[in-house]
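> Handing over upload_18.cif, mmCIF, C-alpha atoms.
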```cif
data_final
loop_
_atom_site.label_atom_id
_atom_site.label_comp_id
_atom_site.auth_asym_id
_atom_site.auth_seq_id
_atom_site.Cartn_x
_atom_site.Cartn_y
_atom_site.Cartn_z
CA MET A 767 88.48 -128.71 -61.87
CA TYR A 768 85.99 -130.42 -59.60
CA LYS A 769 82.56 -131.17 -61.08
CA ILE A 770 79.50 -130.55 -58.90
CA LEU A 771 76.12 -132.02 -59.86
CA ALA A 772 73.03 -130.31 -58.38
CA ILE A 773 69.78 -132.28 -58.50
CA ASP A 774 66.87 -130.01 -57.53
CA ASP A 775 63.47 -129.37 -59.10
CA ASP A 776 63.57 -125.65 -58.20
CA ALA A 777 65.12 -123.74 -61.12
CA HIS A 778 65.78 -120.68 -58.93
CA ILE A 779 67.81 -122.72 -56.44
CA ARG A 780 69.78 -124.37 -59.26
CA GLU A 781 70.60 -120.96 -60.74
CA LEU A 782 71.67 -119.61 -57.35
CA LEU A 783 73.89 -122.65 -56.82
CA ARG A 784 75.35 -122.28 -60.32
CA LEU A 785 76.33 -118.65 -59.74
CA TYR A 786 78.20 -119.35 -56.50
CA ILE A 787 79.70 -122.71 -57.49
CA GLU A 788 81.06 -121.47 -60.83
CA LYS A 789 82.33 -118.30 -59.15
CA ASP A 790 84.37 -120.50 -56.81
CA GLY A 791 85.99 -122.28 -59.76
CA TYR A 792 83.98 -125.51 -59.94
CA GLU A 793 82.28 -126.96 -63.01
CA PHE A 794 78.51 -126.97 -62.50
CA ILE A 795 76.11 -129.63 -63.81
CA GLN A 796 72.40 -129.65 -63.06
CA ALA A 797 69.31 -131.83 -63.23
CA ALA A 798 65.65 -131.12 -62.42
CA ASN A 799 64.63 -134.59 -61.25
CA GLY A 800 66.01 -137.88 -59.98
CA ILE A 801 66.02 -139.77 -63.28
CA GLU A 802 67.80 -136.94 -65.07
CA GLY A 803 70.20 -136.65 -62.15
CA LEU A 804 71.19 -140.32 -62.36
CA GLU A 805 71.72 -139.90 -66.12
CA MET A 806 73.99 -136.89 -65.47
CA LEU A 807 75.85 -138.94 -62.87
CA GLU A 808 76.64 -141.63 -65.45
CA LYS A 809 77.51 -139.14 -68.18
CA HIS A 810 79.65 -136.61 -66.29
CA LYS A 811 81.06 -138.58 -63.31
CA PRO A 812 80.83 -135.63 -60.87
CA ASP A 813 83.08 -135.34 -57.83
CA LEU A 814 80.15 -134.40 -55.56
CA VAL A 815 76.34 -134.33 -55.72
CA LEU A 816 74.04 -131.74 -54.14
CA LEU A 817 70.77 -133.64 -53.82
CA ASP A 818 67.33 -132.28 -52.95
CA LEU A 819 65.25 -134.55 -50.73
CA MET A 820 61.86 -133.79 -52.27
CA LEU A 821 62.08 -134.57 -55.99
CA PRO A 822 59.32 -135.46 -58.45
CA GLY A 823 59.23 -139.13 -59.45
CA ILE A 824 62.21 -140.71 -57.68
CA ASP A 825 62.79 -138.90 -54.39
CA GLY A 826 66.17 -137.82 -53.08
CA LEU A 827 66.55 -140.72 -50.65
CA GLU A 828 66.12 -143.28 -53.44
CA VAL A 829 68.53 -141.32 -55.67
CA CYS A 830 71.07 -141.25 -52.82
CA LYS A 831 70.73 -145.00 -52.43
CA ARG A 832 71.30 -145.56 -56.16
CA ILE A 833 74.29 -143.22 -56.24
CA HIS A 834 76.02 -145.30 -53.56
CA GLN A 835 75.15 -148.53 -55.34
CA LYS A 836 77.18 -147.21 -58.27
CA GLY A 837 80.19 -145.94 -56.30
CA ASN A 838 81.41 -143.64 -53.54
CA THR A 839 80.49 -140.22 -54.94
CA PRO A 840 80.01 -137.84 -51.97
CA VAL A 841 76.45 -136.56 -51.46
CA ILE A 842 75.20 -133.47 -49.61
CA MET A 843 71.46 -133.62 -49.02
CA LEU A 844 69.40 -130.44 -49.46
CA THR A 845 66.06 -130.45 -47.70
CA ALA A 846 63.32 -128.01 -46.89
CA LYS A 847 62.47 -130.19 -43.91
CA GLY A 848 64.21 -129.81 -40.59
CA GLU A 849 63.02 -133.01 -38.99
CA VAL A 850 65.66 -135.25 -37.44
CA PHE A 851 64.04 -138.25 -39.15
CA ASP A 852 64.93 -136.98 -42.62
CA ARG A 853 68.50 -136.18 -41.63
CA VAL A 854 69.05 -139.56 -40.01
CA LEU A 855 67.51 -141.48 -42.91
CA GLY A 856 69.67 -139.56 -45.37
CA LEU A 857 72.80 -140.37 -43.38
CA GLU A 858 71.76 -144.01 -43.12
CA LEU A 859 71.57 -144.17 -46.91
CA GLY A 860 75.09 -142.80 -47.27
CA ALA A 861 74.78 -139.00 -47.44
CA ASP A 862 78.00 -137.30 -46.31
CA ASP A 863 76.34 -134.16 -45.01
CA TYR A 864 73.02 -132.32 -45.07
CA ILE A 865 71.84 -128.73 -45.11
CA VAL A 866 68.35 -127.42 -44.45
CA LYS A 867 66.74 -124.82 -46.72
CA PRO A 868 66.77 -121.86 -46.74
CA PHE A 869 70.56 -121.79 -46.75
CA GLU A 870 73.33 -119.29 -47.31
CA PRO A 871 75.18 -119.95 -50.59
CA LYS A 872 78.49 -119.35 -48.83
CA GLU A 873 77.62 -122.13 -46.40
CA ILE A 874 77.02 -124.48 -49.33
CA ILE A 875 80.48 -123.65 -50.70
CA ALA A 876 82.07 -124.23 -47.29
CA ARG A 877 80.40 -127.63 -47.00
CA ILE A 878 81.36 -128.62 -50.55
CA LYS A 879 85.00 -127.86 -49.75
CA ALA A 880 84.82 -129.77 -46.47
CA VAL A 881 83.26 -132.89 -48.01
CA LEU A 882 85.68 -132.87 -50.97
CA ARG A 883 88.57 -132.51 -48.53
CA ARG A 884 87.38 -135.53 -46.54
CA ALA A 885 86.81 -137.55 -49.72
CA ASN A 886 90.31 -136.77 -50.97
CA SER A 887 91.79 -137.65 -47.61
CA SER A 888 90.01 -141.01 -47.69
CA ALA A 889 91.30 -141.69 -51.21
CA GLU A 890 94.87 -140.83 -50.20
CA ASN A 891 94.68 -143.13 -47.20
CA GLN A 892 93.27 -145.89 -49.39
CA ASN A 893 96.05 -145.49 -51.96
CA GLY A 894 98.77 -145.18 -49.32
CA SER A 895 100.13 -142.11 -51.08
CA ASP A 896 101.88 -140.70 -48.02
CA GLY A 897 104.31 -143.61 -47.89
CA VAL A 898 104.04 -143.94 -44.11
CA GLU A 899 104.12 -147.53 -42.92
CA GLU A 900 100.98 -148.12 -40.88
CA LYS A 901 99.00 -151.15 -39.88
CA LYS A 902 96.53 -151.44 -42.74
CA LYS A 903 94.86 -154.72 -41.88
CA LEU A 904 93.15 -155.66 -38.63
CA THR A 905 92.15 -159.26 -37.93
CA PHE A 906 89.76 -160.50 -35.27
CA GLU A 907 87.86 -163.77 -34.99
CA GLY A 908 85.59 -163.91 -38.06
CA LEU A 909 86.46 -160.34 -39.06
CA GLU A 910 89.05 -158.72 -41.33
CA ILE A 911 89.26 -154.95 -41.84
CA ASP A 912 91.64 -153.94 -44.64
CA ALA A 913 92.38 -150.21 -44.97
CA SER A 914 94.49 -150.65 -48.11
CA SER A 915 91.42 -151.79 -50.08
CA TYR A 916 88.63 -150.40 -47.84
CA THR A 917 87.15 -153.88 -47.51
CA VAL A 918 85.52 -155.67 -44.59
CA VAL A 919 85.22 -159.46 -44.60
CA PHE A 920 82.85 -160.89 -42.01
CA ASN A 921 82.56 -164.67 -41.59
CA GLY A 922 84.16 -165.16 -45.00
CA GLN A 923 81.83 -162.74 -46.80
CA GLU A 924 82.86 -159.32 -48.09
CA LEU A 925 80.51 -156.56 -46.91
CA GLN A 926 79.40 -153.43 -48.74
CA MET A 927 80.32 -150.55 -46.44
CA PRO A 928 80.35 -146.82 -47.33
CA PRO A 929 83.64 -144.99 -46.66
CA LYS A 930 82.57 -143.25 -43.45
CA GLU A 931 81.19 -146.47 -41.94
CA PHE A 932 84.47 -148.18 -42.80
CA GLU A 933 86.60 -145.39 -41.37
CA LEU A 934 84.62 -145.33 -38.13
CA LEU A 935 84.91 -149.11 -37.74
CA PHE A 936 88.63 -149.08 -38.59
CA PHE A 937 89.35 -146.28 -36.14
CA LEU A 938 87.54 -147.98 -33.26
CA ALA A 939 89.02 -151.40 -34.07
CA SER A 940 92.50 -149.85 -34.24
CA ASN A 941 92.03 -148.82 -30.62
CA PRO A 942 90.46 -151.91 -29.03
CA ASN A 943 88.79 -151.47 -25.62
CA LYS A 944 89.36 -147.70 -25.68
CA VAL A 945 86.25 -145.56 -25.15
CA PHE A 946 85.66 -142.54 -27.39
CA THR A 947 83.02 -139.87 -26.99
CA ARG A 948 80.85 -138.96 -29.96
CA GLU A 949 82.66 -135.62 -30.20
CA GLN A 950 86.05 -137.38 -30.33
CA LEU A 951 84.79 -139.69 -33.08
CA LEU A 952 83.46 -136.73 -35.08
CA GLU A 953 86.86 -135.08 -34.77
CA GLN A 954 88.90 -138.19 -35.63
CA VAL A 955 86.74 -139.66 -38.41
CA TRP A 956 84.88 -136.68 -39.90
CA GLY A 957 87.32 -133.90 -39.12
CA PHE A 958 87.06 -130.49 -37.45
CA ASP A 959 85.09 -129.00 -40.35
CA PHE A 960 82.17 -131.43 -40.21
CA PHE A 961 78.87 -129.56 -39.85
CA GLY A 962 76.79 -132.40 -38.44
CA ASP A 963 76.05 -133.31 -34.85
CA SER A 964 76.67 -136.30 -32.59
CA ARG A 965 73.61 -138.10 -33.98
CA THR A 966 75.73 -138.71 -37.08
CA VAL A 967 77.92 -141.09 -35.06
CA ASP A 968 74.89 -142.94 -33.68
CA VAL A 969 73.50 -143.46 -37.19
CA HIS A 970 76.76 -144.88 -38.50
CA VAL A 971 77.24 -147.16 -35.48
CA LYS A 972 73.69 -148.46 -36.00
CA ARG A 973 74.44 -149.23 -39.65
CA ILE A 974 77.69 -151.02 -38.80
CA ARG A 975 75.94 -153.13 -36.15
CA GLU A 976 73.29 -154.18 -38.66
CA LYS A 977 76.08 -155.61 -40.83
CA LEU A 978 78.27 -157.07 -38.07
CA MET A 979 76.44 -159.39 -35.71
CA PRO A 980 79.15 -161.60 -34.14
CA GLU A 981 78.05 -164.86 -32.60
CA ASN A 982 81.30 -165.74 -30.82
CA GLY A 983 81.26 -162.87 -28.31
CA GLU A 984 85.02 -162.29 -28.71
CA TRP A 985 84.46 -158.74 -29.99
CA GLN A 986 81.63 -156.24 -30.32
CA LEU A 987 80.90 -152.61 -31.03
CA HIS A 988 79.88 -151.62 -27.54
CA THR A 989 77.93 -148.61 -26.26
CA VAL A 990 79.28 -147.04 -23.08
CA TRP A 991 76.17 -145.30 -21.79
CA GLY A 992 76.58 -141.61 -21.12
CA VAL A 993 80.03 -141.58 -22.75
CA GLY A 994 80.27 -143.01 -26.27
CA TYR A 995 81.49 -146.17 -27.99
CA LYS A 996 84.33 -148.68 -28.00
CA PHE A 997 85.37 -151.73 -29.98
CA GLU A 998 85.42 -154.30 -27.19
CA VAL A 999 87.78 -157.25 -27.61
CA LYS A 1000 88.17 -160.22 -25.28
CA LYS A 1001 91.14 -161.69 -27.14
CA LYS A 1002 94.08 -159.75 -28.48
CA GLN A 1003 94.00 -159.15 -32.24
CA ASN A 1004 96.65 -160.58 -34.55
#
```
Could you render the structure from this file as structure tokens?

Amino acid sequence: MYKILAIDDDAHIRELLRLYIEKDGYEFIQAANGIEGLEMLEKHKPDLVLLDLMLPGIDGLEVCKRIHQKGNTPVIMLTAKGEVFDRVLGLELGADDYIVKPFEPKEIIARIKAVLRRANSSAENQNGSDGVEEKKKLTFEGLEIDASSYTVVFNGQELQMPPKEFELLFFLASNPNKVFTREQLLEQVWGFDFFGDSRTVDVHVKRIREKLMPENGEWQLHTVWGVGYKFEVKKKQN
């Protein structure tokens, strides 16, 4: 049974979530503020967190940041705001999806299932459970991307990279010099059931670029204006 932790200061919303989430067969855990939510995270080890943006004390963005410092628990942000800024900032901090209040409870359930499906798929790929022999490690000058351990080593230093950032980088680097549209990247990396928009790709590319700033010019994550992105390589990878 999957465990879902809801962190929201509105008791009515928590009760509504509880009714639908338990009805769908999940175990429901709740917290009314960020500090309590982080305590519940440590105690119950949930499989997914529903996280309100506007919380008393520690806000949702800070809680999201701390969740991803502790591990890779998927997070769906809940926000009463519809501004793009909030969505982008949440995604930059590692949220897997977002939904704006007021929302339909059935939509929440659909998104929970989609995010859990993607998280399980990532774990299976990481563990190599399908037994298919694939190229798991990509090597470029000053850069190693290892899909078997979900690690990125840049200039001899291992980087902290959330799963979706890693998967986007690995996918692009696995297809050097090939241009992909944002829609193609959403389909390949996030899957058909992702509810976000193309801005999601831009946010993740921005975060990857902040971590990877090559000085040698032999490879780069390149924007093809009006089309999308490609991992540009001047020398063939090993």
> When the PyMOL selection byres ((chain A and resi 939) around 10) is applied to the structure above, which residues does it catch, written out as a list of chain:residue names?
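After applying the PyMOL selection byres ((chain A and resi 939) around 10), what remains is A:Leu904, A:Thr905, A:Phe906, A:Ile911, A:Glu933, A:Leu934, A:Leu935, A:Phe936, A:Phe937, A:Leu938, A:Ser940, A:Asn941, A:Pro942, A:Asn943, A:Lys944, A:Trp985, A:Gln986, A:Leu987, A:Lys996, A:Phe997, A:Glu998, A:Val999, A:Gln1003.
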> Just the selected residues (C-alpha atoms), exported as a PDB file, in the coordinates of the input, please.

```
ATOM      1  CA  LEU A 904      93.150-155.660 -38.630  1.00  0.00           C
ATOM      2  CA  THR A 905      92.150-159.260 -37.930  1.00  0.00           C
ATOM      3  CA  PHE A 906      89.760-160.500 -35.270  1.00  0.00           C
ATOM      4  CA  ILE A 911      89.260-154.950 -41.840  1.00  0.00           C
ATOM      5  CA  GLU A 933      86.600-145.390 -41.370  1.00  0.00           C
ATOM      6  CA  LEU A 934      84.620-145.330 -38.130  1.00  0.00           C
ATOM      7  CA  LEU A 935      84.910-149.110 -37.740  1.00  0.00           C
ATOM      8  CA  PHE A 936      88.630-149.080 -38.590  1.00  0.00           C
ATOM      9  CA  PHE A 937      89.350-146.280 -36.140  1.00  0.00           C
ATOM     10  CA  LEU A 938      87.540-147.980 -33.260  1.00  0.00           C
ATOM     11  CA  SER A 940      92.500-149.850 -34.240  1.00  0.00           C
ATOM     12  CA  ASN A 941      92.030-148.820 -30.620  1.00  0.00           C
ATOM     13  CA  PRO A 942      90.460-151.910 -29.030  1.00  0.00           C
ATOM     14  CA  ASN A 943      88.790-151.470 -25.620  1.00  0.00           C
ATOM     15  CA  LYS A 944      89.360-147.700 -25.680  1.00  0.00           C
ATOM     16  CA  TRP A 985      84.460-158.740 -29.990  1.00  0.00           C
ATOM     17  CA  GLN A 986      81.630-156.240 -30.320  1.00  0.00           C
ATOM     18  CA  LEU A 987      80.900-152.610 -31.030  1.00  0.00           C
ATOM     19  CA  LYS A 996      84.330-148.680 -28.000  1.00  0.00           C
ATOM     20  CA  PHE A 997      85.370-151.730 -29.980  1.00  0.00           C
ATOM     21  CA  GLU A 998      85.420-154.300 -27.190  1.00  0.00           C
ATOM     22  CA  VAL A 999      87.780-157.250 -27.610  1.00  0.00           C
ATOM     23  CA  GLN A1003      94.000-159.150 -32.240  1.00  0.00           C
TER      24      GLN A1003
END
```
> For A:Gly791, list every protein, DNA or RNA residue within 12 Å, evaluated using only C-alpha atoms, and leave out those in the same chain fewer than 4 positions away; present the list as a list in words.
Met767, Tyr768, Lys769, Ile770, Arg784, Leu785, Tyr786, Ile787, Ile875 and Lys879 of chain A
> Give me a file of those residues, with C-alpha atoms, as a PDB file, in the coordinates of the input.

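Generated file (out-v5.pdb):
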```pdb
ATOM      1  CA  MET A 767      88.480-128.710 -61.870  1.00  0.00           C
ATOM      2  CA  TYR A 768      85.990-130.420 -59.600  1.00  0.00           C
ATOM      3  CA  LYS A 769      82.560-131.170 -61.080  1.00  0.00           C
ATOM      4  CA  ILE A 770      79.500-130.550 -58.900  1.00  0.00           C
ATOM      5  CA  ARG A 784      75.350-122.280 -60.320  1.00  0.00           C
ATOM      6  CA  LEU A 785      76.330-118.650 -59.740  1.00  0.00           C
ATOM      7  CA  TYR A 786      78.200-119.350 -56.500  1.00  0.00           C
ATOM      8  CA  ILE A 787      79.700-122.710 -57.490  1.00  0.00           C
ATOM      9  CA  ILE A 875      80.480-123.650 -50.700  1.00  0.00           C
ATOM     10  CA  LYS A 879      85.000-127.860 -49.750  1.00  0.00           C
TER      11      LYS A 879
END
```
> Can you translate the PyMOL selection byres ((chain A and resi 795) around 6) into the concrete residues it hits in this file, as a PyMOL selection string?
chain A and resi 771+794+796
> Could you check how far atom CA of A:Thr839 sits from atom CA of A:Asn886, in Å to one decimal?
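Here the two named atoms are 11.1 Å from each other.
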> Can you spell out as an NGL selection string the set of residues that the PyMOL selection byres ((chain A and resi 807-822) around 9) selects in the structure I just provided?
:A and (768-775 or 795 or 798-800 or 802-806 or 823-827 or 829-830 or 833 or 839-847 or 852 or 856 or 878 or 881-882)
> Could you tell me how far atom CA of A:Lys972 sits from atom CA of A:Thr947, in Å to one decimal place?
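One can read the atom CA of A:Thr947 to atom CA of A:Lys972 distance as 15.6 Å.
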> Using all atoms listed in the file, which of the listed residues (A:Met979, A:Val969, A:Ile779, A:Ile801) sits closest to A:Lys867?
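Among A:Met979, A:Val969, A:Ile779, A:Ile801, it is A:Ile779 that comes nearest to A:Lys867.
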> When you count all atoms listed in the file, which of these residues is closest to A:Gly860: A:Gly994, A:Pro929, A:Gly983, A:Gly908?
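Under the stated criterion, the closest residue is A:Pro929.
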> Just how far from atom CA of A:Asp968 is atom CA of A:Ala876, in Å to one decimal?
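Here the two named atoms are 24.2 Å from each other.
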> Looking at all atoms listed in the file, which of A:Lys977, A:Lys872, A:Arg948, A:Lys1000 is the one that sits closest to A:Asn921?
A:Lys977
> So, with all atoms listed in the file as the atoms that count, which of A:Val945, A:Met927, A:Val866, A:Val971 lies closest to A:Val990?
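Between A:Val945, A:Met927, A:Val866, A:Val971, the residue approaching A:Val990 most closely is A:Val945.
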> I need the residue nearest A:His970 from this list: A:Glu870, A:Glu793, A:Glu931, A:Glu984. Use all atoms listed in the file for the distance.
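The closest residue to A:His970 is A:Glu931.
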> With the input short on atoms, add N, CA and C atoms back to stretch 902-938 of chain A and write it as a JSON list (two decimals), in the coordinates of the input.

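Produced file rebuild.json, reproduced below:
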```
[["chain", "number", "residue", "atom", "x", "y", "z"],
["A", 902, "LYS", "N", 97.66, -151.64, -41.83],
["A", 902, "LYS", "CA", 96.53, -151.44, -42.74],
["A", 902, "LYS", "C", 95.48, -152.52, -42.60],
["A", 903, "LYS", "N", 95.81, -153.62, -41.95],
["A", 903, "LYS", "CA", 94.86, -154.72, -41.88],
["A", 903, "LYS", "C", 94.70, -155.19, -40.43],
["A", 904, "LEU", "N", 93.46, -155.21, -39.99],
["A", 904, "LEU", "CA", 93.15, -155.66, -38.63],
["A", 904, "LEU", "C", 92.40, -156.98, -38.73],
["A", 905, "THR", "N", 92.78, -157.94, -37.89],
["A", 905, "THR", "CA", 92.15, -159.26, -37.93],
["A", 905, "THR", "C", 91.66, -159.65, -36.54],
["A", 906, "PHE", "N", 90.38, -159.98, -36.48],
["A", 906, "PHE", "CA", 89.76, -160.50, -35.27],
["A", 906, "PHE", "C", 89.05, -161.80, -35.65],
["A", 907, "GLU", "N", 88.53, -162.51, -34.69],
["A", 907, "GLU", "CA", 87.86, -163.77, -34.99],
["A", 907, "GLU", "C", 86.64, -163.51, -35.88],
["A", 908, "GLY", "N", 86.69, -164.05, -37.10],
["A", 908, "GLY", "CA", 85.59, -163.91, -38.06],
["A", 908, "GLY", "C", 85.51, -162.56, -38.73],
["A", 909, "LEU", "N", 86.53, -161.69, -38.52],
["A", 909, "LEU", "CA", 86.46, -160.34, -39.06],
["A", 909, "LEU", "C", 87.82, -159.86, -39.54],
["A", 910, "GLU", "N", 87.85, -159.34, -40.78],
["A", 910, "GLU", "CA", 89.05, -158.72, -41.33],
["A", 910, "GLU", "C", 88.69, -157.33, -41.83],
["A", 911, "ILE", "N", 89.48, -156.33, -41.43],
["A", 911, "ILE", "CA", 89.26, -154.95, -41.84],
["A", 911, "ILE", "C", 90.54, -154.48, -42.54],
["A", 912, "ASP", "N", 90.46, -154.26, -43.84],
["A", 912, "ASP", "CA", 91.64, -153.94, -44.64],
["A", 912, "ASP", "C", 91.57, -152.50, -45.14],
["A", 913, "ALA", "N", 92.41, -151.62, -44.59],
["A", 913, "ALA", "CA", 92.38, -150.21, -44.97],
["A", 913, "ALA", "C", 93.03, -149.95, -46.32],
["A", 914, "SER", "N", 93.85, -150.87, -46.81],
["A", 914, "SER", "CA", 94.49, -150.65, -48.11],
["A", 914, "SER", "C", 93.49, -150.80, -49.25],
["A", 915, "SER", "N", 92.43, -151.58, -49.04],
["A", 915, "SER", "CA", 91.42, -151.79, -50.08],
["A", 915, "SER", "C", 90.03, -151.35, -49.64],
["A", 916, "TYR", "N", 89.92, -150.82, -48.39],
["A", 916, "TYR", "CA", 88.63, -150.40, -47.84],
["A", 916, "TYR", "C", 87.62, -151.54, -47.89],
["A", 917, "THR", "N", 88.05, -152.72, -47.51],
["A", 917, "THR", "CA", 87.15, -153.88, -47.51],
["A", 917, "THR", "C", 87.01, -154.45, -46.10],
["A", 918, "VAL", "N", 85.81, -154.99, -45.85],
["A", 918, "VAL", "CA", 85.52, -155.67, -44.59],
["A", 918, "VAL", "C", 85.01, -157.05, -44.94],
["A", 919, "VAL", "N", 85.65, -158.08, -44.39],
["A", 919, "VAL", "CA", 85.22, -159.46, -44.60],
["A", 919, "VAL", "C", 84.73, -160.00, -43.26],
["A", 920, "PHE", "N", 83.47, -160.41, -43.23],
["A", 920, "PHE", "CA", 82.85, -160.89, -42.01],
["A", 920, "PHE", "C", 82.35, -162.32, -42.24],
["A", 921, "ASN", "N", 82.88, -163.25, -41.44],
["A", 921, "ASN", "CA", 82.56, -164.67, -41.59],
["A", 921, "ASN", "C", 82.72, -165.15, -43.03],
["A", 922, "GLY", "N", 83.82, -164.71, -43.65],
["A", 922, "GLY", "CA", 84.16, -165.16, -45.00],
["A", 922, "GLY", "C", 83.44, -164.43, -46.12],
["A", 923, "GLN", "N", 82.61, -163.46, -45.80],
["A", 923, "GLN", "CA", 81.83, -162.74, -46.80],
["A", 923, "GLN", "C", 82.21, -161.27, -46.81],
["A", 924, "GLU", "N", 82.52, -160.73, -48.00],
["A", 924, "GLU", "CA", 82.86, -159.32, -48.09],
["A", 924, "GLU", "C", 81.60, -158.47, -47.98],
["A", 925, "LEU", "N", 81.66, -157.42, -47.15],
["A", 925, "LEU", "CA", 80.51, -156.56, -46.91],
["A", 925, "LEU", "C", 80.61, -155.27, -47.72],
["A", 926, "GLN", "N", 79.46, -154.75, -48.13],
["A", 926, "GLN", "CA", 79.40, -153.43, -48.74],
["A", 926, "GLN", "C", 79.30, -152.39, -47.62],
["A", 927, "MET", "N", 80.30, -151.52, -47.53],
["A", 927, "MET", "CA", 80.32, -150.55, -46.44],
["A", 927, "MET", "C", 80.79, -149.20, -46.98],
["A", 928, "PRO", "N", 79.94, -148.15, -46.88],
["A", 928, "PRO", "CA", 80.35, -146.82, -47.33],
["A", 928, "PRO", "C", 81.61, -146.35, -46.61],
["A", 929, "PRO", "N", 82.36, -145.42, -47.22],
["A", 929, "PRO", "CA", 83.64, -144.99, -46.66],
["A", 929, "PRO", "C", 83.60, -144.55, -45.20],
["A", 930, "LYS", "N", 82.59, -143.75, -44.82],
["A", 930, "LYS", "CA", 82.57, -143.25, -43.45],
["A", 930, "LYS", "C", 82.27, -144.37, -42.45],
["A", 931, "GLU", "N", 81.42, -145.31, -42.81],
["A", 931, "GLU", "CA", 81.19, -146.47, -41.94],
["A", 931, "GLU", "C", 82.49, -147.24, -41.76],
["A", 932, "PHE", "N", 83.21, -147.46, -42.89],
["A", 932, "PHE", "CA", 84.47, -148.18, -42.80],
["A", 932, "PHE", "C", 85.46, -147.45, -41.91],
["A", 933, "GLU", "N", 85.61, -146.15, -42.13],
["A", 933, "GLU", "CA", 86.60, -145.39, -41.37],
["A", 933, "GLU", "C", 86.29, -145.37, -39.88],
["A", 934, "LEU", "N", 85.01, -145.29, -39.54],
["A", 934, "LEU", "CA", 84.62, -145.33, -38.13],
["A", 934, "LEU", "C", 84.96, -146.69, -37.52],
["A", 935, "LEU", "N", 84.61, -147.76, -38.23],
["A", 935, "LEU", "CA", 84.91, -149.11, -37.74],
["A", 935, "LEU", "C", 86.42, -149.31, -37.61],
["A", 936, "PHE", "N", 87.18, -148.89, -38.62],
["A", 936, "PHE", "CA", 88.63, -149.08, -38.59],
["A", 936, "PHE", "C", 89.26, -148.31, -37.44],
["A", 937, "PHE", "N", 88.79, -147.09, -37.22],
["A", 937, "PHE", "CA", 89.35, -146.28, -36.14],
["A", 937, "PHE", "C", 89.10, -146.93, -34.79],
["A", 938, "LEU", "N", 87.86, -147.35, -34.55],
["A", 938, "LEU", "CA", 87.54, -147.98, -33.26],
["A", 938, "LEU", "C", 88.29, -149.30, -33.08]]
```
